[in-house]
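Following: one structure in structure tokens, then a few remarks.
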Amino acid sequence: MSQAIMSIDEVKGLIEKGRILLLSGDEAVLGQLPQGKWIGGTIPYFMSKKHGGISTKEMVFCTDLSDAVESANIIEYNENSLAKVYSEAPEDGFCFVLIPALSQTHLTFALNAPNYKDFGVRPLIGWITGVHLDDLGKVAPKVINGETGKFLEDAALVMQAKLPQGKAADIGIINLFEQGDGDILTFPQDGFSATDVFVNGEKQNFAEYLTKNNFDTKLPLVADYYGASVNISFQAVDTDAGEVKFYAPVFSSIRYKHAKPVGDYVNEFTEKLKSECGLDENRLLFSCNCILNYLYSELEGKKTDPMVGPITFGEIAYQLLNQTLVYLEIHDV
Amino acid sequence: MSVPSKSNKTWTDIVTGKKTYQLKFLAAKILLGRLTHAVKDDPSPGNIQKSIDQLHALFSKNAHMPNVQEDIKTIFG
């Protein structure tokens with residue numbers, strides 16, 4: 001399996017050989033690449049084997065699917081047609097999806113994916129594209145269809161990958177966060193922001209509640225999805241407006257708790273890998289990690305092998321996730 | 001590996017939360033995270049059946065995967 005950070009020339013060489021690629025890099029770098037069987041998402045942050053965590057606008061992170069898949073199709077979806085992503089997925093394979101952060105497609109997917117027809121019946125993995133943090137609000141995150149060379153600001157690009165007979169794709173997540181022992185928080189409605197929260201069933205203003213209780217908003221809200229921890233990261237707490245914004249939507253049907261604190265990220269990550277994954281590096285096809293993990297855990301220059309890949313503005317493992325590492329394994333069956 | 005039919009009572013026990021299992025298949029966990037709460041909020045026979053249909057389809061269409069096969073063993077023995 002092949003995941004590596006590369007120079008533009010190295011990636012050009014792979015594209016010219018007709019390789020099937022998933023790429024990530026700064027917009028200017030991706031724009032220099034020739035057309036071919038690839039999709040790309042904008043981001044200048046990566047985890048690499050060679051450098052550990054690195055921010056660069058010069059290089060491209062490349063996942064080469066060619067030896068693992070039998071065939072691949074690139075499909076462009078919009079915010080409405082993306083609802084077909086599970087139904088249209090190949091029967092023996094997986095789908096890889098890229099969506100630009102803050103686009104309408106991103107917001108729609110985040111809110112509605114769990115209710116899409118055939119949710120989860122085929123593996124769907126991917127990430128939300130971003131920009132350098134200095135460019136936030138100045139440059140729009142994008143995806144690029146390598147077959148056409150077209151950059152898209154509001155769309156989802158999907159690589160539908162068919163696996164050879166005898167292979168199956170499985171998605172995993174590594175989440176350092178677990179529910180703490182505090183209050184049970186529920187929300188009156190689904191959304192990327194909340195004014196009201198039910199604290200153990202009692203309605204309060206959420207911004208006031210967080211401030212009063214001196215919450216560390218670097219630690220996400222955590223939901224227990226039948227044993228899987230799923231995070232909702234905090235974007236901003238506006239006490240004047242009484243509003244709290246998130247990087248992923250809260251859902252009214254789900255119970256949340258504030259996360260337990262994490263000590264040393266890299267050590268705890270390594271322990272988590274050992275205890276939960278039993279991961280054979282030869283089976284690993286793709287992985288990516290959240291920009292909030294990268295920032296809060298100061299991952300620049302640190303290594304998280306065997307997990308490498310783009311640092312993202314959101315991870316997709318069937319649905320949108322936050323502050324999580326997601327990965328795709330290929331098994332013999 | 002065959003997936004037990006939808007009429008098996010265990011499916012009802014799972015979606016109603018009467019029985020819980022430690023599963024490995026991520027899609028099933030995420031789906032059940034939502035379905036069990038939805039069934040608690042609306043325990044009507046129609047909603048239970050709809051939830052069973054969705055969960056059964058998820059397992060059936062992924063029955064070739066090692067994690068799913070382990071989960072089927074965990075649930076049905």
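Going through the structure tokens in order, the chains are called A, B, and so on, while each chain numbers its residues from 1 and the ligands are numbered from 1 in the order shown.
If you count only C-alpha atoms and ignore residues fewer than 5 places along the chain from range 70-85 of chain A, what sits within 7 Å of it is Gln104, Thr105, Thr108, Tyr116, Lys117, Ala155, Ala156, Leu157, Val158, Met159, Gln160, Ala161, Lys162, Leu163 and Pro164 of chain A.
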Let me see the file: selected residues, C-alpha atoms, as a short mmCIF file (atom, residue, chain, number, x, y, z; two decimals), in the first residue's frame.
data_model
loop_
_atom_site.label_atom_id
_atom_site.label_comp_id
_atom_site.auth_asym_id
_atom_site.auth_seq_id
_atom_site.Cartn_x
_atom_site.Cartn_y
_atom_site.Cartn_z
CA GLN A 104 -23.25 24.13 1.20
CA THR A 105 -22.43 20.53 0.25
CA THR A 108 -25.81 19.42 3.89
CA TYR A 116 -29.32 9.08 3.30
CA LYS A 117 -30.80 6.01 1.62
CA ALA A 155 -19.40 19.94 -4.67
CA ALA A 156 -18.40 16.52 -3.51
CA LEU A 157 -15.93 14.50 -5.53
CA VAL A 158 -16.22 10.77 -5.10
CA MET A 159 -13.82 8.06 -6.25
CA GLN A 160 -15.88 4.90 -6.58
CA ALA A 161 -13.32 2.12 -6.21
CA LYS A 162 -14.04 -1.49 -7.10
CA LEU A 163 -11.91 -4.07 -5.34
CA PRO A 164 -10.70 -7.35 -6.84
#
**Those in range 45-151 of chain A with helix (DSSP H, G or I) from DSSP, as a PyMOL selection string** = chain A and resi 81-84+104-115+133-135
Write out, as a compact mmCIF listing (two decimals), in the first residue's frame, the residues just selected, with all heavy atoms.
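This is the output file out-v9.txt:
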# COMPACT_ATOMS: atom_id res chain seq x y z
N SER A 81 -27.59 15.77 -5.00
CA SER A 81 -27.35 14.43 -5.55
C SER A 81 -26.47 13.57 -4.64
O SER A 81 -26.45 12.35 -4.76
CB SER A 81 -26.74 14.53 -6.95
OG SER A 81 -25.51 15.23 -6.92
N LEU A 82 -25.75 14.21 -3.71
CA LEU A 82 -24.87 13.44 -2.82
C LEU A 82 -25.66 12.42 -1.97
O LEU A 82 -25.09 11.44 -1.50
CB LEU A 82 -24.10 14.40 -1.90
CG LEU A 82 -23.00 13.81 -1.02
CD1 LEU A 82 -21.97 13.03 -1.84
CD2 LEU A 82 -22.30 14.89 -0.20
N ALA A 83 -26.95 12.64 -1.86
CA ALA A 83 -27.80 11.70 -1.10
C ALA A 83 -27.77 10.29 -1.70
O ALA A 83 -28.14 9.32 -1.05
CB ALA A 83 -29.22 12.22 -1.05
N LYS A 84 -27.30 10.19 -2.96
CA LYS A 84 -27.25 8.87 -3.62
C LYS A 84 -25.91 8.16 -3.40
O LYS A 84 -25.67 7.10 -3.97
CB LYS A 84 -27.48 9.04 -5.12
CG LYS A 84 -28.87 9.55 -5.47
CD LYS A 84 -29.08 9.61 -6.97
CE LYS A 84 -28.35 10.78 -7.59
NZ LYS A 84 -28.65 11.05 -8.98
N GLN A 104 -21.90 24.60 0.92
CA GLN A 104 -23.25 24.13 1.20
C GLN A 104 -23.29 22.60 1.18
O GLN A 104 -24.01 21.98 1.97
CB GLN A 104 -24.24 24.71 0.17
CG GLN A 104 -25.69 24.61 0.59
CD GLN A 104 -25.97 25.22 1.95
OE1 GLN A 104 -25.51 26.31 2.27
NE2 GLN A 104 -26.70 24.49 2.80
N THR A 105 -22.48 22.01 0.32
CA THR A 105 -22.43 20.53 0.25
C THR A 105 -21.92 19.95 1.57
O THR A 105 -22.42 18.93 2.05
CB THR A 105 -21.53 20.10 -0.91
OG1 THR A 105 -21.98 20.75 -2.10
CG2 THR A 105 -21.58 18.60 -1.13
N HIS A 106 -20.92 20.61 2.16
CA HIS A 106 -20.38 20.18 3.45
C HIS A 106 -21.48 20.23 4.51
O HIS A 106 -21.70 19.25 5.24
CB HIS A 106 -19.22 21.12 3.81
CG HIS A 106 -18.64 20.94 5.17
ND1 HIS A 106 -17.97 21.94 5.83
CD2 HIS A 106 -18.61 19.90 6.03
CE1 HIS A 106 -17.56 21.52 7.00
NE2 HIS A 106 -17.94 20.28 7.15
N LEU A 107 -22.16 21.36 4.58
CA LEU A 107 -23.18 21.52 5.62
C LEU A 107 -24.32 20.52 5.43
O LEU A 107 -24.80 19.90 6.38
CB LEU A 107 -23.74 22.96 5.60
CG LEU A 107 -22.71 24.08 5.73
CD1 LEU A 107 -23.38 25.44 5.79
CD2 LEU A 107 -21.83 23.90 6.97
N THR A 108 -24.71 20.34 4.17
CA THR A 108 -25.81 19.42 3.89
C THR A 108 -25.43 17.98 4.22
O THR A 108 -26.21 17.24 4.83
CB THR A 108 -26.21 19.52 2.39
OG1 THR A 108 -26.57 20.87 2.13
CG2 THR A 108 -27.35 18.61 2.05
N PHE A 109 -24.22 17.59 3.82
CA PHE A 109 -23.77 16.23 4.12
C PHE A 109 -23.72 16.01 5.63
O PHE A 109 -24.16 14.97 6.14
CB PHE A 109 -22.38 15.99 3.50
CG PHE A 109 -21.81 14.64 3.83
CD1 PHE A 109 -22.21 13.51 3.12
CD2 PHE A 109 -20.90 14.48 4.86
CE1 PHE A 109 -21.71 12.26 3.45
CE2 PHE A 109 -20.39 13.24 5.19
CZ PHE A 109 -20.80 12.12 4.48
N ALA A 110 -23.16 17.00 6.34
CA ALA A 110 -23.00 16.85 7.78
C ALA A 110 -24.34 16.62 8.48
O ALA A 110 -24.46 15.78 9.38
CB ALA A 110 -22.32 18.09 8.35
N LEU A 111 -25.35 17.36 8.04
CA LEU A 111 -26.65 17.26 8.70
C LEU A 111 -27.45 16.04 8.25
O LEU A 111 -28.20 15.47 9.05
CB LEU A 111 -27.47 18.52 8.41
CG LEU A 111 -27.12 19.75 9.24
CD1 LEU A 111 -27.77 21.00 8.67
CD2 LEU A 111 -27.57 19.56 10.69
N ASN A 112 -27.30 15.66 6.99
CA ASN A 112 -28.24 14.69 6.43
C ASN A 112 -27.69 13.30 6.14
O ASN A 112 -28.47 12.37 5.93
CB ASN A 112 -28.84 15.26 5.14
CG ASN A 112 -29.58 16.56 5.41
OD1 ASN A 112 -30.35 16.64 6.37
ND2 ASN A 112 -29.33 17.58 4.63
N ALA A 113 -26.37 13.15 6.10
CA ALA A 113 -25.82 11.84 5.69
C ALA A 113 -26.39 10.66 6.48
O ALA A 113 -26.69 9.61 5.89
CB ALA A 113 -24.30 11.86 5.78
N PRO A 114 -26.55 10.79 7.82
CA PRO A 114 -27.07 9.62 8.54
C PRO A 114 -28.46 9.18 8.06
O PRO A 114 -28.86 8.05 8.33
CB PRO A 114 -27.14 10.12 10.00
CG PRO A 114 -26.13 11.21 10.07
CD PRO A 114 -26.19 11.89 8.73
N ASN A 115 -29.16 10.08 7.37
CA ASN A 115 -30.50 9.70 6.88
C ASN A 115 -30.52 9.41 5.38
O ASN A 115 -31.59 9.19 4.81
CB ASN A 115 -31.50 10.82 7.19
CG ASN A 115 -31.69 10.97 8.68
OD1 ASN A 115 -31.86 9.98 9.40
ND2 ASN A 115 -31.61 12.20 9.17
N LEU A 133 -4.19 28.04 7.70
CA LEU A 133 -4.97 28.80 8.68
C LEU A 133 -4.81 30.31 8.50
O LEU A 133 -5.71 31.08 8.83
CB LEU A 133 -4.60 28.36 10.10
CG LEU A 133 -4.97 26.90 10.41
CD1 LEU A 133 -4.45 26.48 11.77
CD2 LEU A 133 -6.47 26.68 10.31
N ASP A 134 -3.67 30.74 7.94
CA ASP A 134 -3.48 32.18 7.66
C ASP A 134 -4.40 32.64 6.53
O ASP A 134 -4.61 33.85 6.37
CB ASP A 134 -2.02 32.46 7.23
CG ASP A 134 -1.06 32.25 8.38
OD1 ASP A 134 -1.53 32.19 9.53
OD2 ASP A 134 0.16 32.13 8.12
N ASP A 135 -4.90 31.70 5.75
CA ASP A 135 -5.74 32.05 4.59
C ASP A 135 -7.24 31.89 4.89
O ASP A 135 -8.07 32.07 3.99
CB ASP A 135 -5.39 31.16 3.39
CG ASP A 135 -3.98 31.42 2.88
OD1 ASP A 135 -3.49 32.55 3.07
OD2 ASP A 135 -3.37 30.49 2.32
**Request:** Considering only C-alpha atoms, extract the chain A residues located within 10 Å of chain B and return them as a ChimeraX atom specification.
**Result:** /A:91-92,114-115,117-124,166-173,223-230,251,253-255,317-319,331-333
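Counting only C-alpha atoms and comparing A:Pro188, A:Gly149, A:Gly309, A:Gly314, the residue that lies closest to Lys49 in chain A is A:Gly309.
Coordinates place CA of Gln35 in chain A at a distance of 7.5 Å from CA of Ile15 in chain A.
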**Request:** Within range 85-199 of chain A, find each residue whose DSSP state, derived from the backbone, is strand (DSSP E), and express the selection as a count of residues only.
**Result:** 45
**Asked** Rounded to one decimal in Å, what is the spacing between CA of Asp238 in chain A and CA of Asn175 in chain A?
**Response**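 Value for the CA of Asp238 in chain A-CA of Asn175 in chain A distance: 27.1 Å.
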